[in-house]
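Undergrad: Take this structure, written in structure tokens, and hold onto it; I'll ask about it next.
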Amino acid sequence: MNSSLRPDHSATPKGFAAPGEAPDASVPPIRGRDFVVIGLQPWYYEIGSNCKNIATRLGEQNRVLYVNLPVNRKTWHAKQNTKGVQEHISLIRHKGEKIRQVAPQIWEFYPPTVLESINWLPSTALFKAGCYLNNRRLAADIREAMRTLGFRDPILFNDNDVYNGFYLKECLRPSLSIYYMRDFLQGYAYWRRHLPALEPALIRKSDLVVANSTFYAEYCSGYNPRSAYMGQGCNLELFNADGDHPMPEELKGFDGPVIGYVGALDSERLDERVIRIIAEYNPSWNVVLVGPEDPAFRDSSLHALPNVHFLGRRPLASLPAYIAAFAVCMNPQLINPITRGNYPLKIDEYLALGKPVVASRTRAMELFESHTYQAGSPEEYPVLIERALAEDTPERRAQRIAFARTHTWENCMAALYRAIGQYRPPGPVR
């Protein structure tokens with residue numbers, strides 16, 4: 001393990017939930033509180049996110065102000081923004097309504113201040129100064145939204161947004177500040193300049209840290225003893241083996257088995273070599289990739305292979321039908337700091353539909369050891385796929401489904417509530 005990722009368990013306090021401890025769904029929820037949620041994925045993010053799932057469940061018993069990612073100067077001048085960002089910019093320009101109620105107790109907030117783009121600064125000290133100015137301006141916007149809604153004594157929940165949230169504890173003075181780690185952003189080029197210094201500092205000063213994988217909980221506990229594993233929920237209503245999943249039209253003409261992947265085709269996470277090895281090993285296999293491609297995948301020579309099929313992005317609601325049509329599901333991850341501890345949600349989605357799964361062996365995949373085939377090298381993939389095809393039985397499918405159905409959002413939220421309660425009891429009901 002890289003020394004920068006090595007945790008120190010010696011500081012875990014007695015009675016506090018240790019990383020990896022199983023969630024207990026019997027823990028009562030927090031009720032009647034005000035939550036301010038910030039993160040890297042805005043409410044309008046098309047494919048959903050952990051943060052939205054958590055906010056939705058917080059909103060069942062509490063009020064939630066969900067702060068969309070603020071617009072920065074570079075984004076303001078960009079010519080190819082997404083539809084949601086374009087709408088945010090339009091609201092700022094035309095002074096439109098910035099607070100929208102999206103559920104009985106959840107409000108989506110479009111911060112009206114354009115922040116400065118500062119990631120280019122070579123000095124982390126200068127960058128921190130720029131973060132402080134940006135955070136103060138964002139905090140002023142959030143305070144105004146809180147005043148409008150009558151929020152008070154809020155709990156701040158920060159979904160992996162280090163730069164926009166680094167000083168929000170000081171600026172907003174919440175009753176509790178929670179940092180949620182679910183991705184190792186330090187592995188990406190954009191974050192590599194300043195995040196290795198800022199993220200550990202934010203973890204240290206947060207009142208509480210929660211993570212969706214045991215690996216990240218262990219990593220965080222090396223900086224803050226108040227770190228807990230809350231697990232990962234799966235949308236079991238959507239990815240339901242008992243549902244009706246008619247075969248997509250573009251898969252009906254295939255003769256051989258379909259070896260499939262669903263998700264973003266991200267060259268910093270996925271191993272193109274694995275896909276090539278699988279396709280060339282058995283030309284009768286149809287390798288189907290469902291998801292948006294980054295530039296490296298769009299330019300990949302994989303497009304020239306006759307049995308590799310890039311289907312592009314598909315609506316979330318249609319994804320179970322694709323998975324149901326796969327003979328074997330795969331997750332051909334690269335092994336690097338980004339993927340080593342990252343919780344592979346798609347594995348739960350595959351298993352929830354009863355599918356055999358072949359995936360790269362990582363620390364996070366240890367959880368799935370008994371229900372998946374795990375490759376230690378690219379060359380192992382074809383042999384494991386052959387085993388998965390040969391060994392698939394109704395009994396194994398039932399075991400996979402039962403295992404996936406233990407990964408509920410109810411269990412995850414109970415772990416979060418337990419961590420909050422063990423650190424600081426909830427305040428009075430409003």
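By convention in this document, the chains of the structure tokens carry letters A, B, ... by their order, each chain's residues are numbered from 1, and ligands are numbered from 1 in the order they are shown.
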Show me, as a PyMOL selection string, the residues that have an atom within 10 Å of segment 402-412 of chain A when counting only C-alpha atoms, minus same-chain residues fewer than 4 positions from it.

TA: chain A and resi 22-27+29+50+53-54+57+212+229-236+239-240+345+347-354+368+370-371+396-398+416-418

Undergrad: Generate the output file for the selected residues, N, CA and C atoms, as a tab-separated table (two decimals), in the first residue's frame.

TA:
```
chain	number	residue	atom	x	y	z
A	22	ALA	N	-20.24	-3.74	10.67
A	22	ALA	CA	-21.48	-3.90	9.90
A	22	ALA	C	-22.53	-2.89	10.34
A	23	PRO	N	-23.23	-2.25	9.39
A	23	PRO	CA	-24.30	-1.32	9.75
A	23	PRO	C	-25.44	-2.03	10.47
A	24	ASP	N	-26.12	-1.31	11.32
A	24	ASP	CA	-27.24	-1.84	12.09
A	24	ASP	C	-28.48	-1.05	11.74
A	25	ALA	N	-29.38	-1.69	10.97
A	25	ALA	CA	-30.56	-0.98	10.47
A	25	ALA	C	-31.55	-0.64	11.58
A	26	SER	N	-31.32	-1.12	12.81
A	26	SER	CA	-32.25	-0.84	13.90
A	26	SER	C	-32.02	0.52	14.54
A	27	VAL	N	-30.94	1.19	14.17
A	27	VAL	CA	-30.64	2.49	14.76
A	27	VAL	C	-31.72	3.49	14.35
A	29	PRO	N	-33.57	6.91	13.23
A	29	PRO	CA	-33.08	8.03	12.41
A	29	PRO	C	-33.00	9.33	13.19
A	50	ASN	N	-24.72	9.10	-5.15
A	50	ASN	CA	-24.83	8.75	-3.73
A	50	ASN	C	-25.36	9.92	-2.92
A	53	ASN	N	-29.01	10.31	-3.16
A	53	ASN	CA	-29.68	9.24	-2.44
A	53	ASN	C	-29.68	9.51	-0.93
A	54	ILE	N	-28.55	9.96	-0.43
A	54	ILE	CA	-28.45	10.27	1.01
A	54	ILE	C	-29.35	11.44	1.36
A	57	ARG	N	-33.00	10.53	1.55
A	57	ARG	CA	-33.38	9.82	2.77
A	57	ARG	C	-33.29	10.71	4.01
A	212	ASN	N	-17.90	5.28	2.23
A	212	ASN	CA	-18.75	4.20	1.71
A	212	ASN	C	-17.98	2.91	1.50
A	229	TYR	N	-17.38	3.69	8.86
A	229	TYR	CA	-17.83	3.06	7.62
A	229	TYR	C	-19.36	3.05	7.61
A	230	MET	N	-19.96	3.63	6.58
A	230	MET	CA	-21.43	3.61	6.51
A	230	MET	C	-21.96	2.72	5.40
A	231	GLY	N	-21.06	2.11	4.64
A	231	GLY	CA	-21.51	1.19	3.60
A	231	GLY	C	-22.05	1.91	2.37
A	232	GLN	N	-22.60	1.13	1.48
A	232	GLN	CA	-23.09	1.63	0.20
A	232	GLN	C	-24.46	1.04	-0.09
A	233	GLY	N	-25.38	1.89	-0.46
A	233	GLY	CA	-26.71	1.42	-0.83
A	233	GLY	C	-26.83	1.20	-2.32
A	234	CYS	N	-27.72	0.31	-2.69
A	234	CYS	CA	-28.01	0.03	-4.09
A	234	CYS	C	-29.49	0.30	-4.33
A	235	ASN	N	-29.81	0.78	-5.52
A	235	ASN	CA	-31.20	1.03	-5.88
A	235	ASN	C	-31.87	-0.30	-6.23
A	236	LEU	N	-32.28	-1.00	-5.17
A	236	LEU	CA	-32.83	-2.35	-5.36
A	236	LEU	C	-34.23	-2.34	-5.96
A	239	PHE	N	-32.91	-2.10	-9.76
A	239	PHE	CA	-32.15	-3.29	-10.13
A	239	PHE	C	-32.74	-4.48	-9.37
A	240	ASN	N	-33.86	-4.95	-9.90
A	240	ASN	CA	-34.67	-5.94	-9.23
A	240	ASN	C	-34.84	-7.16	-10.14
A	345	LEU	N	-20.14	0.15	-7.11
A	345	LEU	CA	-21.59	0.02	-7.01
A	345	LEU	C	-22.17	-0.85	-8.10
A	347	ILE	N	-21.17	-3.54	-9.18
A	347	ILE	CA	-21.14	-4.95	-8.80
A	347	ILE	C	-22.43	-5.33	-8.08
A	348	ASP	N	-22.88	-4.46	-7.17
A	348	ASP	CA	-24.17	-4.70	-6.51
A	348	ASP	C	-25.30	-4.77	-7.53
A	349	GLU	N	-25.27	-3.86	-8.51
A	349	GLU	CA	-26.34	-3.83	-9.51
A	349	GLU	C	-26.34	-5.09	-10.36
A	350	TYR	N	-25.16	-5.56	-10.72
A	350	TYR	CA	-25.06	-6.82	-11.46
A	350	TYR	C	-25.60	-7.98	-10.63
A	351	LEU	N	-25.12	-8.08	-9.38
A	351	LEU	CA	-25.51	-9.20	-8.53
A	351	LEU	C	-26.99	-9.17	-8.19
A	352	ALA	N	-27.54	-7.96	-8.03
A	352	ALA	CA	-28.96	-7.83	-7.69
A	352	ALA	C	-29.85	-8.42	-8.78
A	353	LEU	N	-29.33	-8.50	-10.00
A	353	LEU	CA	-30.05	-9.11	-11.10
A	353	LEU	C	-29.62	-10.56	-11.32
A	354	GLY	N	-28.82	-11.09	-10.39
A	354	GLY	CA	-28.45	-12.50	-10.40
A	354	GLY	C	-27.33	-12.87	-11.35
A	368	PHE	N	-16.80	-8.76	-1.99
A	368	PHE	CA	-17.58	-9.56	-2.94
A	368	PHE	C	-16.91	-10.90	-3.27
A	370	SER	N	-16.90	-13.95	-2.26
A	370	SER	CA	-17.64	-15.21	-2.34
A	370	SER	C	-18.68	-15.24	-3.46
A	371	HIS	N	-18.89	-14.11	-4.12
A	371	HIS	CA	-19.99	-14.04	-5.09
A	371	HIS	C	-19.54	-13.56	-6.47
A	396	ARG	N	-26.88	-20.42	-7.72
A	396	ARG	CA	-25.89	-19.35	-7.62
A	396	ARG	C	-26.54	-17.99	-7.86
A	397	ARG	N	-27.47	-17.93	-8.79
A	397	ARG	CA	-28.16	-16.66	-9.04
A	397	ARG	C	-28.91	-16.22	-7.80
A	398	ALA	N	-29.59	-17.13	-7.16
A	398	ALA	CA	-30.34	-16.79	-5.95
A	398	ALA	C	-29.41	-16.30	-4.85
A	416	LEU	N	-24.94	5.94	9.33
A	416	LEU	CA	-24.69	7.38	9.42
A	416	LEU	C	-25.31	7.95	10.70
A	417	TYR	N	-26.55	7.58	10.97
A	417	TYR	CA	-27.22	8.09	12.17
A	417	TYR	C	-26.49	7.63	13.44
A	418	ARG	N	-26.02	6.39	13.43
A	418	ARG	CA	-25.29	5.89	14.59
A	418	ARG	C	-24.00	6.71	14.80
```

Undergrad: Please give the complete set of residues from segment 2-130 of chain A that DSSP, run on the backbone, assigns to helix (DSSP H, G or I), formatted as a ChimeraX atom specification.

TA: /A:3-5,9-11,50-58,73-77,83-93,124-130

Undergrad: Looking at only C-alpha atoms, which of A:Leu367, A:Ile178, A:Ala189, A:Leu115 is the one that sits closest to Leu202 of chain A?

TA: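 Looking at the shortest contact to Leu202 of chain A, the residue is A:Ile178.
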
Undergrad: For each of A:Glu144, A:Glu116, A:Glu272, A:Asp242, take the minimum atom-to-atom distance to Arg73 of chain A, counting only C-alpha atoms, then give the residue where this is smallest.

TA: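 The shortest atom-to-atom distance to Arg73 of chain A comes from A:Glu116.
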
Undergrad: List as an mmCIF file with C-alpha atoms, in the first residue's frame the protein and nucleic acid residues near segment 156-164 of chain A, meaning an atom at most 7 Å away when only C-alpha atoms are counted, but skip any in the same chain fewer than 6 places from it.

TA:
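The result, written out as selection_19.cif:
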```cif
data_model
loop_
_atom_site.group_PDB
_atom_site.id
_atom_site.type_symbol
_atom_site.label_atom_id
_atom_site.label_comp_id
_atom_site.auth_asym_id
_atom_site.auth_seq_id
_atom_site.Cartn_x
_atom_site.Cartn_y
_atom_site.Cartn_z
ATOM 1 C CA PHE A 35 -29.114 19.665 6.878
ATOM 2 C CA VAL A 36 -27.035 21.628 4.386
ATOM 3 C CA VAL A 37 -25.606 19.283 1.735
ATOM 4 C CA ILE A 38 -22.796 20.244 -0.631
ATOM 5 C CA GLY A 39 -21.035 18.051 -3.157
ATOM 6 C CA LEU A 40 -19.501 17.653 -6.571
ATOM 7 C CA CYS A 51 -25.220 12.273 -2.435
ATOM 8 C CA CYS A 131 -10.296 28.838 -1.412
ATOM 9 C CA ASN A 135 -15.716 29.665 0.474
ATOM 10 C CA PRO A 174 -22.698 24.363 11.671
ATOM 11 C CA LEU A 176 -21.840 19.383 13.131
ATOM 12 C CA SER A 177 -19.615 19.145 10.068
ATOM 13 C CA ILE A 178 -19.502 15.789 8.268
ATOM 14 C CA TYR A 179 -17.084 14.898 5.473
ATOM 15 C CA TYR A 180 -18.186 12.014 3.236
ATOM 16 C CA MET A 181 -15.423 10.237 1.301
ATOM 17 C CA ARG A 182 -16.476 7.964 -1.543
ATOM 18 C CA GLU A 199 -8.051 16.675 1.818
#
```

Undergrad: If we count only C-alpha atoms, what is near segment 252-263 of chain A at a cut-off of 7 Å, once residues fewer than 3 positions away on the same chain are taken out, given as a list in words?

TA: Met247, Pro248, Glu249, Ser284, Trp285, Asn286, Val287, Val288, Leu289, Val290, Gly291, Phe326, Ala327, Val328, Cys329, Met330 and Asn331 of chain A

Undergrad: Find the residues near Arg361 of chain A: any atom within 10 Å, counting only C-alpha atoms, skip ones fewer than 5 places away on the same chain, and give them as a PyMOL selection string.

TA: chain A and resi 331-335+340+366+368-369+372-377

Undergrad: From a backbone DSSP assignment, name each residue in segment 28-250 of chain A labelled strand (DSSP E or B), as a PyMOL selection string.

TA: chain A and resi 34-39+63-67+72+99-103+106-109+115+155-159+176-181+208-211+227-229

Undergrad: Include N, CA and C atoms and write out the residues we just selected as a short mmCIF file (atom, residue, chain, number, x, y, z; two decimals), in the first residue's frame.

TA:
```cif
data_model
loop_
_atom_site.label_atom_id
_atom_site.label_comp_id
_atom_site.auth_asym_id
_atom_site.auth_seq_id
_atom_site.Cartn_x
_atom_site.Cartn_y
_atom_site.Cartn_z
N ASP A 34 -32.06 20.37 10.50
CA ASP A 34 -31.80 21.02 9.22
C ASP A 34 -30.43 20.59 8.73
N PHE A 35 -30.37 20.09 7.50
CA PHE A 35 -29.11 19.66 6.88
C PHE A 35 -28.80 20.57 5.69
N VAL A 36 -27.55 20.97 5.58
CA VAL A 36 -27.03 21.63 4.39
C VAL A 36 -26.09 20.64 3.72
N VAL A 37 -26.37 20.29 2.46
CA VAL A 37 -25.61 19.28 1.74
C VAL A 37 -24.88 19.95 0.57
N ILE A 38 -23.56 19.78 0.52
CA ILE A 38 -22.80 20.24 -0.63
C ILE A 38 -22.09 19.05 -1.24
N GLY A 39 -21.72 19.16 -2.51
CA GLY A 39 -21.03 18.05 -3.16
C GLY A 39 -20.65 18.39 -4.58
N ARG A 63 -35.24 18.54 7.27
CA ARG A 63 -35.23 19.48 6.14
C ARG A 63 -33.82 19.51 5.55
N VAL A 64 -33.75 19.58 4.22
CA VAL A 64 -32.47 19.51 3.52
C VAL A 64 -32.36 20.64 2.51
N LEU A 65 -31.27 21.39 2.59
CA LEU A 65 -30.91 22.36 1.56
C LEU A 65 -29.78 21.74 0.76
N TYR A 66 -30.07 21.37 -0.48
CA TYR A 66 -29.09 20.71 -1.35
C TYR A 66 -28.45 21.78 -2.24
N VAL A 67 -27.18 22.05 -2.00
CA VAL A 67 -26.48 23.13 -2.69
C VAL A 67 -25.83 22.59 -3.96
N ASN A 72 -17.99 28.45 -11.48
CA ASN A 72 -16.75 29.24 -11.39
C ASN A 72 -16.51 29.98 -12.70
N ILE A 99 -33.90 29.03 -5.45
CA ILE A 99 -34.29 27.96 -4.53
C ILE A 99 -35.53 27.27 -5.08
N ARG A 100 -35.45 25.96 -5.25
CA ARG A 100 -36.57 25.21 -5.79
C ARG A 100 -36.88 24.02 -4.89
N GLN A 101 -38.12 23.88 -4.54
CA GLN A 101 -38.51 22.74 -3.71
C GLN A 101 -38.67 21.53 -4.60
N VAL A 102 -37.91 20.46 -4.30
CA VAL A 102 -37.93 19.25 -5.14
C VAL A 102 -38.59 18.08 -4.43
N ALA A 103 -38.90 18.23 -3.15
CA ALA A 103 -39.59 17.22 -2.35
C ALA A 103 -40.18 17.96 -1.15
N ILE A 106 -37.15 18.99 0.90
CA ILE A 106 -35.85 19.14 0.23
C ILE A 106 -35.92 20.30 -0.74
N TRP A 107 -34.92 21.19 -0.66
CA TRP A 107 -34.82 22.33 -1.56
C TRP A 107 -33.48 22.29 -2.30
N GLU A 108 -33.56 22.45 -3.61
CA GLU A 108 -32.37 22.55 -4.45
C GLU A 108 -31.99 24.02 -4.53
N PHE A 109 -30.70 24.32 -4.35
CA PHE A 109 -30.24 25.71 -4.32
C PHE A 109 -29.15 25.93 -5.37
N LEU A 115 -17.73 31.96 -8.64
CA LEU A 115 -16.47 31.85 -7.91
C LEU A 115 -15.28 31.92 -8.88
N ILE A 155 -26.72 20.88 10.27
CA ILE A 155 -25.65 19.89 10.13
C ILE A 155 -25.14 20.00 8.69
N LEU A 156 -23.84 20.18 8.54
CA LEU A 156 -23.24 20.32 7.21
C LEU A 156 -22.73 18.95 6.75
N PHE A 157 -23.21 18.50 5.58
CA PHE A 157 -22.79 17.23 5.00
C PHE A 157 -22.07 17.53 3.70
N ASN A 158 -20.76 17.23 3.65
CA ASN A 158 -19.94 17.54 2.49
C ASN A 158 -19.58 16.27 1.76
N ASP A 159 -20.12 16.13 0.55
CA ASP A 159 -19.87 14.96 -0.29
C ASP A 159 -18.61 15.17 -1.12
N LEU A 176 -22.66 20.57 13.39
CA LEU A 176 -21.84 19.38 13.13
C LEU A 176 -21.39 19.44 11.68
N SER A 177 -20.11 19.20 11.44
CA SER A 177 -19.61 19.14 10.07
C SER A 177 -19.20 17.71 9.76
N ILE A 178 -19.75 17.18 8.67
CA ILE A 178 -19.50 15.79 8.27
C ILE A 178 -18.84 15.79 6.89
N TYR A 179 -17.72 15.09 6.78
CA TYR A 179 -17.08 14.90 5.47
C TYR A 179 -17.34 13.47 5.02
N TYR A 180 -17.84 13.32 3.80
CA TYR A 180 -18.19 12.01 3.24
C TYR A 180 -17.19 11.70 2.13
N MET A 181 -16.41 10.63 2.31
CA MET A 181 -15.42 10.24 1.30
C MET A 181 -15.92 9.00 0.58
N LEU A 208 -16.84 14.86 12.02
CA LEU A 208 -17.12 13.45 11.77
C LEU A 208 -16.80 13.15 10.31
N VAL A 209 -16.27 11.96 10.07
CA VAL A 209 -15.99 11.52 8.70
C VAL A 209 -16.67 10.18 8.49
N VAL A 210 -17.36 10.04 7.36
CA VAL A 210 -17.96 8.77 6.99
C VAL A 210 -17.50 8.40 5.59
N ALA A 211 -17.45 7.11 5.31
CA ALA A 211 -16.98 6.64 4.00
C ALA A 211 -17.83 5.46 3.56
N SER A 227 -13.87 8.50 12.45
CA SER A 227 -14.16 8.06 11.08
C SER A 227 -14.93 6.75 11.13
N ALA A 228 -15.96 6.65 10.31
CA ALA A 228 -16.84 5.48 10.35
C ALA A 228 -17.17 4.99 8.95
N TYR A 229 -17.38 3.69 8.86
CA TYR A 229 -17.83 3.06 7.62
C TYR A 229 -19.36 3.05 7.61
#
```

Undergrad: Can you pull out the residues contacting Phe127 of chain A? Cut-off 12 Å, using only C-alpha atoms, and skip same-chain residues under 4 positions away; I want them as an mmCIF file with C-alpha atoms, in the first residue's frame.

TA:
```cif
data_model
loop_
_atom_site.group_PDB
_atom_site.id
_atom_site.type_symbol
_atom_site.label_atom_id
_atom_site.label_comp_id
_atom_site.auth_asym_id
_atom_site.auth_seq_id
_atom_site.Cartn_x
_atom_site.Cartn_y
_atom_site.Cartn_z
ATOM 1 C CA GLU A 116 -12.935 32.340 -9.156
ATOM 2 C CA SER A 117 -11.144 29.505 -10.986
ATOM 3 C CA ILE A 118 -7.941 29.021 -9.008
ATOM 4 C CA ASN A 119 -6.777 25.440 -9.546
ATOM 5 C CA TRP A 120 -4.017 26.755 -11.825
ATOM 6 C CA LEU A 121 -2.236 28.471 -8.922
ATOM 7 C CA PRO A 122 1.160 26.775 -8.482
ATOM 8 C CA SER A 123 1.391 27.405 -4.732
ATOM 9 C CA CYS A 131 -10.296 28.838 -1.412
ATOM 10 C CA TYR A 132 -10.961 30.951 1.661
ATOM 11 C CA LEU A 133 -12.272 33.842 -0.445
ATOM 12 C CA ASN A 134 -14.390 31.497 -2.583
ATOM 13 C CA ASN A 135 -15.716 29.665 0.474
ATOM 14 C CA TYR A 163 -12.184 22.892 -2.522
ATOM 15 C CA ASN A 164 -15.646 24.427 -2.108
ATOM 16 C CA PHE A 166 -12.600 23.481 2.970
ATOM 17 C CA ARG A 193 -1.720 19.610 -7.384
ATOM 18 C CA HIS A 194 -3.486 20.717 -4.191
ATOM 19 C CA LEU A 195 -5.757 17.938 -2.938
ATOM 20 C CA ALA A 197 -2.457 18.628 1.144
ATOM 21 C CA LEU A 198 -6.025 19.873 1.539
#
```

Undergrad: Just the number, please: distance in Å from atom CA of Ala129 of chain A to atom CA of Phe151 of chain A, one decimal.

TA: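 Value for the atom CA of Ala129 of chain A-atom CA of Phe151 of chain A distance: 28.6 Å.
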
Undergrad: Could you tell me how far atom CA of Thr75 of chain A lies from atom CA of Asp183 of chain A, in Å and to one decimal?

TA: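 Separation between atom CA of Thr75 of chain A and atom CA of Asp183 of chain A: 22.6 Å.
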
Undergrad: Measuring atom to atom with only C-alpha atoms, identify which of A:Lys346, A:Arg143, A:Lys355, A:Arg192 is nearest to Thr393 of chain A.

TA: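 Between A:Lys346, A:Arg143, A:Lys355, A:Arg192, the residue approaching Thr393 of chain A most closely is A:Lys355.
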